[in-house]
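Okay, query-v2.txt is below, compact mmCIF, C-alpha atoms and all ligand atoms:
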# COMPACT_ATOMS: atom_id res chain seq x y z
CA MET A 1 17.01 83.76 117.42
CA ARG A 2 17.15 82.47 113.87
CA LYS A 3 18.22 85.24 111.49
CA PRO A 4 15.87 85.37 108.47
CA ILE A 5 17.20 84.36 105.05
CA LEU A 6 16.11 85.47 101.60
CA ALA A 7 17.92 83.42 99.00
CA GLY A 8 17.48 83.91 95.27
CA ASN A 9 18.04 80.94 92.99
CA TRP A 10 18.69 82.37 89.54
CA LYS A 11 18.79 78.89 87.94
CA MET A 12 20.08 79.07 84.32
CA ASN A 13 19.32 82.74 83.74
CA LYS A 14 21.02 86.12 83.15
CA THR A 15 23.81 87.53 81.02
CA ARG A 16 27.00 88.89 82.57
CA ASP A 17 25.82 92.46 81.94
CA GLU A 18 22.60 91.74 83.80
CA VAL A 19 24.55 90.26 86.70
CA ILE A 20 26.69 93.39 86.98
CA GLN A 21 23.63 95.65 86.72
CA PHE A 22 22.01 93.63 89.51
CA THR A 23 24.93 94.18 91.90
CA LEU A 24 24.86 97.93 91.21
CA ALA A 25 21.08 98.15 91.66
CA VAL A 26 20.99 96.40 95.04
CA THR A 27 23.96 98.22 96.60
CA ASN A 28 22.93 100.11 99.77
CA ARG A 29 19.35 98.85 99.45
CA LEU A 30 19.43 95.50 101.25
CA PRO A 31 18.53 95.13 104.94
CA LEU A 32 21.27 94.20 107.41
CA ASN A 33 19.02 92.09 109.62
CA VAL A 34 18.29 89.57 106.84
CA GLU A 35 20.84 87.19 105.28
CA CYS A 36 20.41 88.13 101.61
CA ILE A 37 21.86 85.52 99.23
CA VAL A 38 21.96 84.99 95.47
CA CYS A 39 22.78 81.57 94.06
CA ALA A 40 24.03 82.16 90.55
CA PRO A 41 25.30 80.16 87.56
CA ALA A 42 28.89 79.14 88.28
CA ILE A 43 30.32 81.26 85.48
CA TYR A 44 29.20 84.47 87.23
CA LEU A 45 30.26 83.60 90.76
CA ARG A 46 33.64 85.34 90.65
CA ASP A 47 32.11 88.57 89.31
CA LEU A 48 29.47 88.46 92.04
CA VAL A 49 31.94 87.80 94.84
CA LYS A 50 34.08 90.73 93.67
CA ARG A 51 31.31 93.22 92.99
CA SER A 52 28.55 92.51 95.50
CA PRO A 53 27.92 94.74 98.49
CA ASP A 54 28.97 93.26 101.87
CA ASN A 55 25.46 92.23 102.86
CA LEU A 56 24.78 90.30 99.64
CA HIS A 57 26.08 86.77 100.09
CA ILE A 58 26.90 84.51 97.16
CA GLY A 59 26.02 80.87 96.59
CA ALA A 60 26.41 78.24 93.89
CA GLN A 61 23.56 76.04 92.66
CA ASN A 62 25.41 72.71 92.74
CA MET A 63 28.86 71.15 93.17
CA HIS A 64 30.61 67.81 92.75
CA GLU A 65 31.29 65.84 95.94
CA LEU A 66 35.02 65.32 95.25
CA ASP A 67 37.90 67.79 95.50
CA SER A 68 39.25 67.19 91.99
CA GLY A 69 39.53 64.54 89.29
CA ALA A 70 38.50 63.37 85.83
CA TYR A 71 34.92 64.67 85.86
CA THR A 72 34.57 66.74 82.70
CA GLY A 73 32.28 69.72 83.09
CA GLU A 74 31.98 69.50 86.88
CA ILE A 75 32.88 72.09 89.51
CA SER A 76 34.52 71.06 92.76
CA PRO A 77 33.81 72.37 96.26
CA ILE A 78 37.45 73.48 96.51
CA MET A 79 36.96 75.65 93.41
CA LEU A 80 33.83 77.24 94.88
CA LYS A 81 35.59 77.95 98.14
CA ASP A 82 38.59 79.34 96.27
CA THR A 83 36.25 81.68 94.35
CA GLY A 84 34.94 83.14 97.60
CA VAL A 85 31.51 81.49 97.48
CA GLU A 86 29.80 81.00 100.87
CA TYR A 87 26.70 78.88 100.13
CA VAL A 88 25.73 76.03 97.84
CA ILE A 89 22.26 74.74 96.98
CA LEU A 90 22.24 70.94 97.17
CA GLY A 91 19.55 68.50 96.13
CA HIS A 92 17.30 70.94 94.30
CA SER A 93 14.36 69.04 92.79
CA GLU A 94 15.49 70.05 89.29
CA ARG A 95 18.81 68.34 89.93
CA ARG A 96 17.12 65.31 91.45
CA GLU A 97 14.75 65.07 88.47
CA TYR A 98 16.86 66.07 85.41
CA PHE A 99 20.33 65.04 86.60
CA ASN A 100 19.43 61.90 88.54
CA GLU A 101 20.77 63.11 91.88
CA THR A 102 20.07 60.49 94.51
CA ASP A 103 19.70 60.93 98.27
CA ALA A 104 23.09 59.17 98.67
CA LYS A 105 24.77 61.62 96.29
CA ILE A 106 23.21 64.58 98.10
CA ASN A 107 24.39 63.17 101.43
CA ALA A 108 27.98 62.93 100.09
CA LYS A 109 27.76 66.53 98.82
CA ILE A 110 26.49 67.83 102.17
CA LYS A 111 29.37 66.17 104.02
CA LYS A 112 31.89 67.58 101.57
CA ALA A 113 30.39 71.10 101.60
CA LEU A 114 30.63 71.24 105.40
CA GLU A 115 34.14 69.79 105.33
CA VAL A 116 35.44 72.56 103.03
CA GLY A 117 33.48 75.33 104.78
CA LEU A 118 30.61 75.90 102.36
CA LYS A 119 27.12 76.34 103.82
CA PRO A 120 24.67 73.94 102.17
CA ILE A 121 21.09 74.95 101.39
CA ILE A 122 19.54 71.48 101.28
CA CYS A 123 16.31 71.14 99.27
CA VAL A 124 13.54 68.65 99.97
CA GLY A 125 9.95 68.51 98.80
CA GLU A 126 7.22 66.34 97.38
CA LYS A 127 5.51 65.91 94.01
CA LEU A 128 1.79 66.55 93.73
CA GLU A 129 0.97 62.83 93.56
CA THR A 130 2.83 62.24 96.84
CA ARG A 131 0.83 65.00 98.54
CA GLU A 132 -2.43 63.68 97.11
CA ALA A 133 -1.59 60.19 98.36
CA GLY A 134 -1.11 61.61 101.89
CA LYS A 135 2.56 60.61 101.86
CA THR A 136 4.22 64.03 102.15
CA ASN A 137 5.59 63.57 105.68
CA GLU A 138 6.85 60.07 104.91
CA LEU A 139 8.78 61.42 101.92
CA LEU A 140 10.12 64.48 103.78
CA GLU A 141 11.30 62.32 106.67
CA SER A 142 13.05 59.93 104.32
CA GLN A 143 14.74 62.79 102.40
CA ILE A 144 15.93 64.47 105.62
CA VAL A 145 17.12 61.25 107.30
CA LYS A 146 19.09 60.24 104.18
CA ALA A 147 20.48 63.73 103.62
CA PHE A 148 21.85 63.94 107.17
CA GLU A 149 23.08 60.36 107.58
CA GLY A 150 26.47 60.58 109.32
CA VAL A 151 26.53 64.41 109.10
CA ASN A 152 28.04 66.18 112.12
CA ILE A 153 26.61 69.63 112.66
CA ASP A 154 29.21 71.71 114.51
CA ASN A 155 27.58 75.05 113.80
CA THR A 156 23.84 75.18 113.19
CA GLU A 157 24.16 78.54 111.42
CA ASN A 158 25.95 76.77 108.58
CA VAL A 159 23.15 74.37 107.67
CA ILE A 160 20.00 75.55 105.89
CA ILE A 161 17.07 73.49 104.69
CA ALA A 162 14.59 74.55 102.00
CA TYR A 163 11.17 72.95 101.80
CA GLU A 164 10.20 73.25 98.15
CA PRO A 165 7.06 71.35 97.10
CA ILE A 166 7.65 70.47 93.45
CA TRP A 167 4.07 71.33 92.48
CA ALA A 168 4.66 74.92 93.64
CA ILE A 169 7.94 75.55 91.79
CA GLY A 170 7.57 77.88 88.82
CA THR A 171 3.84 77.20 88.62
CA GLY A 172 2.45 80.31 90.31
CA LYS A 173 0.57 77.88 92.61
CA SER A 174 2.36 78.60 95.86
CA ALA A 175 1.66 76.45 98.91
CA ASP A 176 -0.53 78.36 101.34
CA SER A 177 1.27 79.54 104.45
CA LYS A 178 -0.40 76.88 106.64
CA THR A 179 0.84 74.09 104.37
CA ALA A 180 4.35 75.62 104.35
CA GLU A 181 4.32 75.93 108.15
CA GLU A 182 3.14 72.34 108.63
CA ALA A 183 5.92 70.97 106.41
CA CYS A 184 8.64 73.18 107.93
CA GLY A 185 7.46 72.28 111.45
CA PHE A 186 7.51 68.60 110.52
CA ILE A 187 11.06 68.89 109.14
CA ARG A 188 12.10 70.53 112.44
CA SER A 189 10.61 67.62 114.38
CA VAL A 190 12.59 65.16 112.25
CA LEU A 191 15.81 67.14 112.94
CA SER A 192 14.98 67.04 116.61
CA LYS A 193 14.83 63.23 116.49
CA ILE A 194 18.11 62.95 114.55
CA TYR A 195 20.05 65.54 116.57
CA SER A 196 18.39 67.31 119.50
CA GLU A 197 15.66 69.83 120.16
CA ASN A 198 18.28 72.56 120.54
CA VAL A 199 19.89 71.82 117.20
CA ALA A 200 16.48 71.58 115.52
CA ASN A 201 15.45 74.93 117.00
CA GLU A 202 18.56 76.65 115.67
CA ILE A 203 18.55 75.42 112.05
CA ARG A 204 16.95 77.76 109.52
CA ILE A 205 14.21 76.24 107.36
CA LEU A 206 13.05 78.10 104.24
CA TYR A 207 9.97 77.77 102.07
CA GLY A 208 10.33 77.84 98.28
CA GLY A 209 7.81 77.67 95.42
CA SER A 210 6.25 80.69 93.65
CA VAL A 211 7.24 83.13 96.40
CA LYS A 212 6.82 86.73 95.34
CA GLU A 213 6.65 90.22 96.80
CA THR A 214 2.93 89.85 97.48
CA ASN A 215 3.06 86.62 99.51
CA ILE A 216 6.47 86.67 101.26
CA ALA A 217 5.09 88.32 104.41
CA GLU A 218 2.59 85.46 104.99
CA TYR A 219 5.41 82.92 105.02
CA MET A 220 7.66 85.02 107.21
CA ALA A 221 4.86 85.28 109.78
CA GLN A 222 4.94 81.50 110.34
CA LYS A 223 6.72 80.14 113.40
CA ASP A 224 8.84 77.52 111.64
CA VAL A 225 9.47 79.35 108.35
CA ASP A 226 12.72 81.29 108.60
CA GLY A 227 12.91 82.64 105.09
CA ALA A 228 12.44 81.82 101.43
CA LEU A 229 14.26 80.32 98.48
CA VAL A 230 12.99 82.27 95.48
CA GLY A 231 13.38 81.49 91.78
CA GLY A 232 11.65 83.71 89.20
CA ALA A 233 10.90 86.64 91.51
CA SER A 234 14.56 86.97 92.56
CA LEU A 235 15.79 87.83 89.07
CA LYS A 236 14.81 91.50 88.93
CA PRO A 237 16.76 93.68 91.37
CA GLU A 238 13.69 95.68 92.43
CA SER A 239 11.76 92.51 93.30
CA PHE A 240 14.76 91.04 95.11
CA ILE A 241 15.18 94.20 97.21
CA GLU A 242 11.49 94.17 98.12
CA LEU A 243 11.58 90.46 99.01
CA CYS A 244 14.63 91.00 101.25
CA ASN A 245 13.10 94.01 102.98
CA LYS A 246 9.83 92.16 103.57
CA SER A 247 11.76 89.27 105.17
CA ALA A 248 13.06 91.42 108.01
P1 LIG B 1 10.04 79.78 91.78
O1 LIG B 1 10.17 80.82 92.87
O2 LIG B 1 10.32 80.33 90.40
O3 LIG B 1 8.77 79.01 91.90
O4 LIG B 1 11.24 78.72 92.02
C1 LIG B 1 11.40 78.17 93.28
C2 LIG B 1 12.69 77.43 93.31
O5 LIG B 1 12.83 76.40 92.71
C3 LIG B 1 13.79 78.02 94.08
O6 LIG B 1 14.84 77.12 94.24
Just dump the structure as structure tokens.
Amino acid sequence: MRKPILAGNWKMNKTRDEVIQFTLAVTNRLPLNVECIVCAPAIYLRDLVKRSPDNLHIGAQNMHELDSGAYTGEISPIMLKDTGVEYVILGHSERREYFNETDAKINAKIKKALEVGLKPIICVGEKLETREAGKTNELLESQIVKAFEGVNIDNTENVIIAYEPIWAIGTGKSADSKTAEEACGFIRSVLSKIYSENVANEIRILYGGSVKETNIAEYMAQKDVDGALVGGASLKPESFIELCNKSA
């Protein structure tokens, strides 16, 4: 059985006061049968690790692929681990687009995250023009194959994939649940070819893109969708609590 995941991606939002208020507001109100995660700006990670209730897990939104060195402004996987962070989003489309992250870079980050004991949430997804050209599966296959090149998966619980169609992110135009299911099912079939059917059946695959309290249940009802990666709707504690409870 794949345990459902509801992961919030706060992106570049919130003040420290708001972060602390969030932890207080969600305490004792999150379900135990869902892995509830918030991926926060790096500067708030220590506060979150210290103040969050036990069933709220903490993730970063990015990391460098090396342990240390002359990389001004970067944060290393060792630092994240040292801070008590459990998860890290890798290859988000905003990082691919605005920070020139390549598939090769994402592959190096995935290997390093697993090596230091961080659980990567690996994002893939197509632009609207790719979907309209009928090339979604081709792109998803290429992103998955390149992301996992040379990656050993010892524990399938530690690897999470998020299918996030770029046209659905922050636009209010969510993919319908059939489209999300088709893409997540396709990603599972690619994993099956790379690893095995067993491994593919154990890895959690999330949908992301304009998920909110009113549509989460439709995604959760799909066979191959194991949860959601949520941006805007994860910011308010009340919405986050409702999203987590509806993911059970
Ligand atoms: P929205 O939920 O705001 O569309 O963002 C999705 C996303 O990018 C999560 O990583």
Need the shell around stretch 127-130 of chain A: protein/DNA/RNA residues with any atom at most 10 Å away, counting only C-alpha atoms. Skip same-chain ones fewer than 3 positions apart. Format as a list in words?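 So the residues in contact are Ser93, Ala133, Gly134, Lys135, Thr136, Asn137, Glu138, Leu139, Glu164, Pro165, Ile166, Trp167 and Ala168 of chain A.
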Create the file for the chosen residues now, containing C-alpha atoms and written as a PDB file, keeping the file's coordinate frame.
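Once everything was written out, this is part_1.pdb:
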ATOM      1  CA  SER A  93      14.360  69.040  92.790  1.00  0.00           C
ATOM      2  CA  ALA A 133      -1.590  60.190  98.360  1.00  0.00           C
ATOM      3  CA  GLY A 134      -1.110  61.610 101.890  1.00  0.00           C
ATOM      4  CA  LYS A 135       2.560  60.610 101.860  1.00  0.00           C
ATOM      5  CA  THR A 136       4.220  64.030 102.150  1.00  0.00           C
ATOM      6  CA  ASN A 137       5.590  63.570 105.680  1.00  0.00           C
ATOM      7  CA  GLU A 138       6.850  60.070 104.910  1.00  0.00           C
ATOM      8  CA  LEU A 139       8.780  61.420 101.920  1.00  0.00           C
ATOM      9  CA  GLU A 164      10.200  73.250  98.150  1.00  0.00           C
ATOM     10  CA  PRO A 165       7.060  71.350  97.100  1.00  0.00           C
ATOM     11  CA  ILE A 166       7.650  70.470  93.450  1.00  0.00           C
ATOM     12  CA  TRP A 167       4.070  71.330  92.480  1.00  0.00           C
ATOM     13  CA  ALA A 168       4.660  74.920  93.640  1.00  0.00           C
TER      14      ALA A 168
END
How many Å separate atom CA of A:Gly232 from atom CA of A:Gly170?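 We find that atom CA of A:Gly232 and atom CA of A:Gly170 lie 7.1 Å from each other.
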Within-9 Å residues of ligand LIG 1 (chain B), basis all atoms listed in the file, as an MDAnalysis selection string: chainID A and resid 7:11 61 89 92:94 123 162 164:166 168:174 207:212 228:234
Any chance you could export the current selection's C-alpha atoms as a compact mmCIF listing (two decimals), in the frame of the given file?
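Produced file out24.txt, reproduced below:
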# COMPACT_ATOMS: atom_id res chain seq x y z
CA ALA A 7 17.92 83.42 99.00
CA GLY A 8 17.48 83.91 95.27
CA ASN A 9 18.04 80.94 92.99
CA TRP A 10 18.69 82.37 89.54
CA LYS A 11 18.79 78.89 87.94
CA GLN A 61 23.56 76.04 92.66
CA ILE A 89 22.26 74.74 96.98
CA HIS A 92 17.30 70.94 94.30
CA SER A 93 14.36 69.04 92.79
CA GLU A 94 15.49 70.05 89.29
CA CYS A 123 16.31 71.14 99.27
CA ALA A 162 14.59 74.55 102.00
CA GLU A 164 10.20 73.25 98.15
CA PRO A 165 7.06 71.35 97.10
CA ILE A 166 7.65 70.47 93.45
CA ALA A 168 4.66 74.92 93.64
CA ILE A 169 7.94 75.55 91.79
CA GLY A 170 7.57 77.88 88.82
CA THR A 171 3.84 77.20 88.62
CA GLY A 172 2.45 80.31 90.31
CA LYS A 173 0.57 77.88 92.61
CA SER A 174 2.36 78.60 95.86
CA TYR A 207 9.97 77.77 102.07
CA GLY A 208 10.33 77.84 98.28
CA GLY A 209 7.81 77.67 95.42
CA SER A 210 6.25 80.69 93.65
CA VAL A 211 7.24 83.13 96.40
CA LYS A 212 6.82 86.73 95.34
CA ALA A 228 12.44 81.82 101.43
CA LEU A 229 14.26 80.32 98.48
CA VAL A 230 12.99 82.27 95.48
CA GLY A 231 13.38 81.49 91.78
CA GLY A 232 11.65 83.71 89.20
CA ALA A 233 10.90 86.64 91.51
CA SER A 234 14.56 86.97 92.56
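The gap separating atom CA of A:Lys14 from atom CA of A:Leu235 is 8.1 Å, in Å to one decimal.
Going from atom CA of A:Glu86 over to atom CA of A:Thr23, you cover 16.7 Å.
Nearest to A:Lys146 of all the residues A:Ala104, A:Leu118, A:Cys36, A:Met63 is A:Ala104, based on all atoms listed in the file.
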Show me, as a list of chain:residue names, the residues that have an atom within 10 Å of A:Glu65 when counting only C-alpha atoms, minus same-chain residues fewer than 6 positions from it. A:Glu74, A:Ile75, A:Ser76, A:Pro77, A:Ile78, A:Lys105, A:Ile106, A:Asn107, A:Ala108, A:Lys109, A:Ile110, A:Lys111, A:Lys112, A:Ala113
Need the neighbours of (23.2, 99.8, 90.8): which residues are at most 12 Å away, counting all atoms listed in the file, as JSON, numbers by chain? {"A": [17, 18, 19, 20, 21, 22, 23, 24, 25, 26, 27, 28, 29, 30, 51, 52, 53, 236, 237, 238, 241]}
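Summary of the local environment: counting only C-alpha atoms, residues at most 7 Å from stretch 54-59 of chain A, other than itself and those fewer than 5 positions away along its chain, are Leu32, Cys36, Ile37, Val38, Cys39, Ala40, Leu48, Val49, Val85, Glu86, Tyr87 and Val88 of chain A.
Compared by their closest atoms to A:Asp103, and using all atoms listed in the file, the residues A:Tyr71, A:Phe240, A:Phe148, A:Phe186 rank with A:Phe148 nearest.
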Taking into account all atoms listed in the file, which residue in the set A:Gly185, A:Ile216, A:Leu206, A:Lys3 is nearest to A:Glu157?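 The shortest atom-to-atom distance to A:Glu157 comes from A:Lys3.
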Minimum-distance residue to A:Asp154, chosen among A:Gly69, A:Pro4, A:Gly84, A:Gly117 (using only C-alpha atoms): A:Gly117
List as a PyMOL selection string the protein and nucleic acid residues near A:Leu140, meaning an atom at most 10 Å away when all atoms listed in the file are counted, but skip any in the same chain fewer than 5 places from it. chain A and resi 124-126+135+145-146+163+183-184+186-187+190
Could you write out the selected residues, including C-alpha atoms, as a compact mmCIF listing (two decimals), keeping the file's coordinate frame?
# COMPACT_ATOMS: atom_id res chain seq x y z
CA VAL A 124 13.54 68.65 99.97
CA GLY A 125 9.95 68.51 98.80
CA GLU A 126 7.22 66.34 97.38
CA LYS A 135 2.56 60.61 101.86
CA VAL A 145 17.12 61.25 107.30
CA LYS A 146 19.09 60.24 104.18
CA TYR A 163 11.17 72.95 101.80
CA ALA A 183 5.92 70.97 106.41
CA CYS A 184 8.64 73.18 107.93
CA PHE A 186 7.51 68.60 110.52
CA ILE A 187 11.06 68.89 109.14
CA VAL A 190 12.59 65.16 112.25
In the coordinates of the file, take the point (22.6, 58.7, 112.2) and a cut-off of 7 Å; then, counting only C-alpha atoms, name each qualifying protein, DNA or RNA residue as a PyMOL selection string. chain A and resi 149-150+194
Residue neighbourhood A:Leu114, 10 Å, only C-alpha atoms, exclusion window fewer than 5 positions, as a ChimeraX atom specification: /A:77,109,119-120,151-155,158-159
Next, the residues of the selection above should be written as a compact mmCIF listing (two decimals), in the coordinates of the input with C-alpha atoms.
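Result saved to out26.txt:
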# COMPACT_ATOMS: atom_id res chain seq x y z
CA PRO A 77 33.81 72.37 96.26
CA LYS A 109 27.76 66.53 98.82
CA LYS A 119 27.12 76.34 103.82
CA PRO A 120 24.67 73.94 102.17
CA VAL A 151 26.53 64.41 109.10
CA ASN A 152 28.04 66.18 112.12
CA ILE A 153 26.61 69.63 112.66
CA ASP A 154 29.21 71.71 114.51
CA ASN A 155 27.58 75.05 113.80
CA ASN A 158 25.95 76.77 108.58
CA VAL A 159 23.15 74.37 107.67
Considering all atoms listed in the file, can you say which of A:Leu6, A:Ala217, A:Ile160, A:Met79 comes closest to A:Ala200?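 The shortest atom-to-atom distance to A:Ala200 comes from A:Ile160.
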